[in-house]
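For reference, the structure discussed in these notes is given below.
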Amino acid sequence: MDRRKFLQQTSAAAILTSVGGLTLSSFKKKQKHITILHTNDTHSRIESFESSHSRYPNKGGVARRANLIERIREENPNTLLLDAGDIFQGTPYFNYFGGEIEFKLMSMLKYDLATIGNHDFDNSINGLFKQLPNAKFDFVSANYNFKNTILDTHVKPYKVIIKDGVKIGVFGLGIELEALVDPKMYKETKYIDPIEIAQDMSRILKKEEKCDLVICLSHLGYFYKNNPNKISDLNLAKVTKDIDLIIGGHTHTFLPKPTIVKNSADKNILVNQVGAYGINLGRIDFYFDESNKKIAKGSTILI
Amino acid sequence: MKKSLLIICLFFVFLGCEKKTLSLVKITAKTIEIDSSINKSLKYSQIIKPYKNKMIKEINTIISYAPKDINRYDGEMQSSLGNLLADLCLRRANLIFNKKTNNNIDFSMFNYGGIRAGISKGEVTNKNSFELMPFENSLVILEMSGEKIKQLISYFIKNKKAHPLSKSIKLIINKDDSYELRVNDQEFNSERNYFVLTSDYLQSGGDKMNFFKNPISLFKTDYKMRHAIQDEFKSLDTLKAQIDNRIKLN
């Protein structure tokens, strides 16, 4: 009901990105549907905000998020749940239990992957390592080199997940830690320029791993108005190709809908971020046509 | 009969082997707000409960009262919350500093981004102090040259953010970014050194406050900012926080 209303409202503002996909009546055609759910900067917000809170009364909370996610999974079992970092820090739950409950609940919610935000180093890299046994999901980060740290081999640059035969490649990107995190916290973690890494990752995932969908899980930040040349999700989207979706974090940007950005190959891609504190859940649905014949590519973005 | 069945079987094997192509045809997106229209999952609430109970007693202890919302958004290059924090940290840290060194802190400076939450009108509890200052940052006092103080003020003016400064500062910023500065009711003197209070995070280069690096001397209090906040709030029945004339924009 709600959803239908949403579609009706939005179809008026639908953006037809390219209309190359004249569907040929092939011998056999089947549609596949992948749902991507995402959060970012949840900052240890285990419970809903108090009803007396000045900005977000009664918003958020893991127990509510759990019901919502369960409902969506019932609707489409081929759902991926991702987090773009800064899971830690922000409520006494973190100060008292060091991230234990955050990771336990995310595991129950069946998160598939998360990337590492700057605040995830707040109890130092050892504090993060200590909580890893509570996380039944993996961490991806392609531009932090953890080789000389305790996290070596525990964080992968990317992961390929197959849902209903659709290959989904997800890689992670983290923000520059210098001047943001005390060096004694991140120790020997080396930050690598995210642009080159993103170009490598997207090529590997699209060309070598032959993924149908490439997602960048980023904690670089959406965009820096006062420092427009600083690397951000919007800037990254423009200079790379073969990424279909960038899920961002760090800047706590409440986007009402994803931003459409033209990449370096002049193709439209999506950049999204859903604010902070678990107030919102992002949902992006990808529909694929399966056929025996190769058909002309073209997709419609309805947002 | 058998032969035709085999042919049919082979036909399906052939179909199965053929590489299927997937083409992305449609994308839809939606941001779903999590509000009270969504019920809480009992299973999750039960997992959270023992953790919550452990914390709740200490956290819900009422330590003060806020007669109005106190936030970091209500001023130009200053805020009621920033002023409150800068002043209380100075007062608390100076008790330690003065006792150990016989010197006094001239002023304090923190970063706008380090204030992580506001205080809503009503009872103030320990929880507020955690939300205000979730980080384990400690207070440090730096002896800085007048030249470094100039860099600090330039950073503040250029940055155009309400970075908290204590009330011992009187700064008038003109339209052309020139300024008049008084510290503790005396005209700023670039020839002398000043004792400046900040956090260990900012001292080590956080928020690119590079003027805090390599000070003439560094005094570590080992006193956490959160503890300073808690100690000060406990000593006050009512929190008084306001915009004042420490920063004036001409």
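Letters for chains follow the order of the structure tokens (A, B, ...), residue numbers begin at 1 for each chain, and ligand numbers begin at 1 in the order shown.
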
Closest atom pairs, chain A residues within 6 Å of chain B, only C-alpha atoms, as a Markdown table:
```
| residue | atom | partner | partner_atom | distance |
| --- | --- | --- | --- | --- |
| A:Ser54 | CA | B:Ser120 | CA | 5.9 |
| A:Lys59 | CA | B:Asp35 | CA | 4.6 |
| A:Gly60 | CA | B:Ile34 | CA | 5.1 |
| A:Ala63 | CA | B:Lys40 | CA | 4.6 |
| A:Arg64 | CA | B:Lys40 | CA | 4.3 |
| A:Asn67 | CA | B:Ser41 | CA | 5.7 |
| A:Gly90 | CA | B:Pro134 | CA | 5.5 |
| A:Thr91 | CA | B:Glu131 | CA | 5.8 |
| A:Pro92 | CA | B:Phe130 | CA | 6.0 |
| A:Ala179 | CA | B:Gly206 | CA | 4.3 |
| A:Leu180 | CA | B:Gly206 | CA | 5.4 |
| A:Ile279 | CA | B:Ile34 | CA | 5.5 |
| A:Asn280 | CA | B:Glu33 | CA | 4.4 |
| A:Leu281 | CA | B:Ile32 | CA | 5.1 |
| A:Gly282 | CA | B:Thr31 | CA | 4.7 |
| A:Arg283 | CA | B:Lys30 | CA | 5.2 |
| A:Ile284 | CA | B:Ala29 | CA | 4.3 |
| A:Asp285 | CA | B:Thr28 | CA | 5.1 |
| A:Phe286 | CA | B:Ile27 | CA | 4.7 |
| A:Tyr287 | CA | B:Lys26 | CA | 5.1 |
| A:Phe288 | CA | B:Leu24 | CA | 4.4 |
| A:Asp289 | CA | B:Ser23 | CA | 5.3 |
| A:Glu290 | CA | B:Leu22 | CA | 4.6 |
| A:Ser291 | CA | B:Thr21 | CA | 5.5 |
| A:Asn292 | CA | B:Lys20 | CA | 4.9 |
| A:Ser299 | CA | B:Val25 | CA | 4.0 |
| A:Thr300 | CA | B:Lys26 | CA | 4.7 |
| A:Ile301 | CA | B:Ile27 | CA | 4.7 |
| A:Leu302 | CA | B:Thr28 | CA | 4.9 |
| A:Ile303 | CA | B:Ala29 | CA | 5.5 |
```

Residues flagged alpha helix (DSSP H) by DSSP in region 14-248 of chain B, as JSON, numbers by chain: {"B": [14, 15, 16, 17, 42, 43, 44, 45, 46, 47, 48, 49, 50, 51, 52, 53, 54, 55, 56, 57, 58, 59, 80, 81, 82, 83, 84, 85, 86, 87, 88, 89, 90, 91, 92, 93, 94, 95, 96, 97, 98, 99, 100, 101, 126, 127, 128, 129, 130, 131, 132, 146, 147, 148, 149, 150, 151, 152, 153, 154, 155, 156, 157, 158, 159, 200, 201, 202, 203, 225, 226, 227, 228, 229, 230, 231, 232, 233, 234, 235]}

Considering only C-alpha atoms, return as a PyMOL selection string whatever protein or nucleic-acid residues lie within 7 Å of region 96-102 of chain A, sequence-local ones (same chain, fewer than 5 positions apart) excluded. chain A and resi 44+88+131+134

With distances taken over only C-alpha atoms, which residue among A:Tyr93, A:Tyr56, A:Phe171, A:Phe146 lies nearest Asn53 (chain B)?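 Smallest separation from Asn53 (chain B) among the options: A:Tyr93.
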
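Coordinates place CA of Gly275 (chain A) at a distance of 17.4 Å from CA of Ile260 (chain A).
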
Do you have, as a tab-separated table, the list of residues of region 165-259 of chain A lying at most 9 Å from region 122-129 of chain A, each with its nearest atom pair and that distance in Å to one decimal, counting only C-alpha atoms and ordered by chain then number?
```
residue	atom	partner	partner_atom	distance
A:Val181	CA	A:Asp122	CA	7.9
A:Asp182	CA	A:Asp122	CA	8.8
A:Lys184	CA	A:Ser124	CA	7.3
A:Met185	CA	A:Ser124	CA	4.0
A:Tyr186	CA	A:Ile125	CA	5.4
A:Lys187	CA	A:Ile125	CA	7.2
A:Thr189	CA	A:Ile125	CA	8.8
```

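In the backbone-derived DSSP annotation, strand (DSSP E) within region 59-127 of chain B comprises Ile62, Ile63, Ser64, Tyr65, Ala66, Phe107, Ser108, Gly122, Glu123, Val124 and Thr125 of chain B.
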
Shell of 7 Å around His250 (chain A), only C-alpha atoms, local chain residues under 6 positions omitted, as number ranges by chain: A: 41, 219-221

Write to file, as a PDB file, in the first residue's frame, the residues of the selection just made, with N, CA, C and O atoms.
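Saved to result-v4.pdb:
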```pdb
ATOM      1  N   ASP A  41      26.979   4.716   9.564  1.00  0.00           N
ATOM      2  CA  ASP A  41      27.141   5.570  10.751  1.00  0.00           C
ATOM      3  C   ASP A  41      26.074   5.303  11.819  1.00  0.00           C
ATOM      4  O   ASP A  41      25.482   6.237  12.343  1.00  0.00           O
ATOM      5  N   HIS A 219      33.423   4.719   3.035  1.00  0.00           N
ATOM      6  CA  HIS A 219      33.328   5.634   4.182  1.00  0.00           C
ATOM      7  C   HIS A 219      34.096   6.920   3.873  1.00  0.00           C
ATOM      8  O   HIS A 219      34.650   7.574   4.752  1.00  0.00           O
ATOM      9  N   LEU A 220      34.126   7.296   2.593  1.00  0.00           N
ATOM     10  CA  LEU A 220      34.878   8.496   2.180  1.00  0.00           C
ATOM     11  C   LEU A 220      34.111   9.772   2.468  1.00  0.00           C
ATOM     12  O   LEU A 220      34.707  10.845   2.582  1.00  0.00           O
ATOM     13  N   GLY A 221      32.800   9.692   2.536  1.00  0.00           N
ATOM     14  CA  GLY A 221      31.973  10.895   2.688  1.00  0.00           C
ATOM     15  C   GLY A 221      31.325  11.252   1.358  1.00  0.00           C
ATOM     16  O   GLY A 221      31.903  11.036   0.296  1.00  0.00           O
TER      17      GLY A 221
END
```

List the spatial neighbours of His38 (chain A) as a VMD selection string - criterion: any atom at most 12 Å away, only C-alpha atoms, same-chain residues fewer than 3 positions off excluded. (chain A and resid 35 41 to 42 65 69 79 to 85 106 109 to 115 215 to 218 245 to 249 272 to 276 278 to 285) or (chain B and resid 29 to 32)
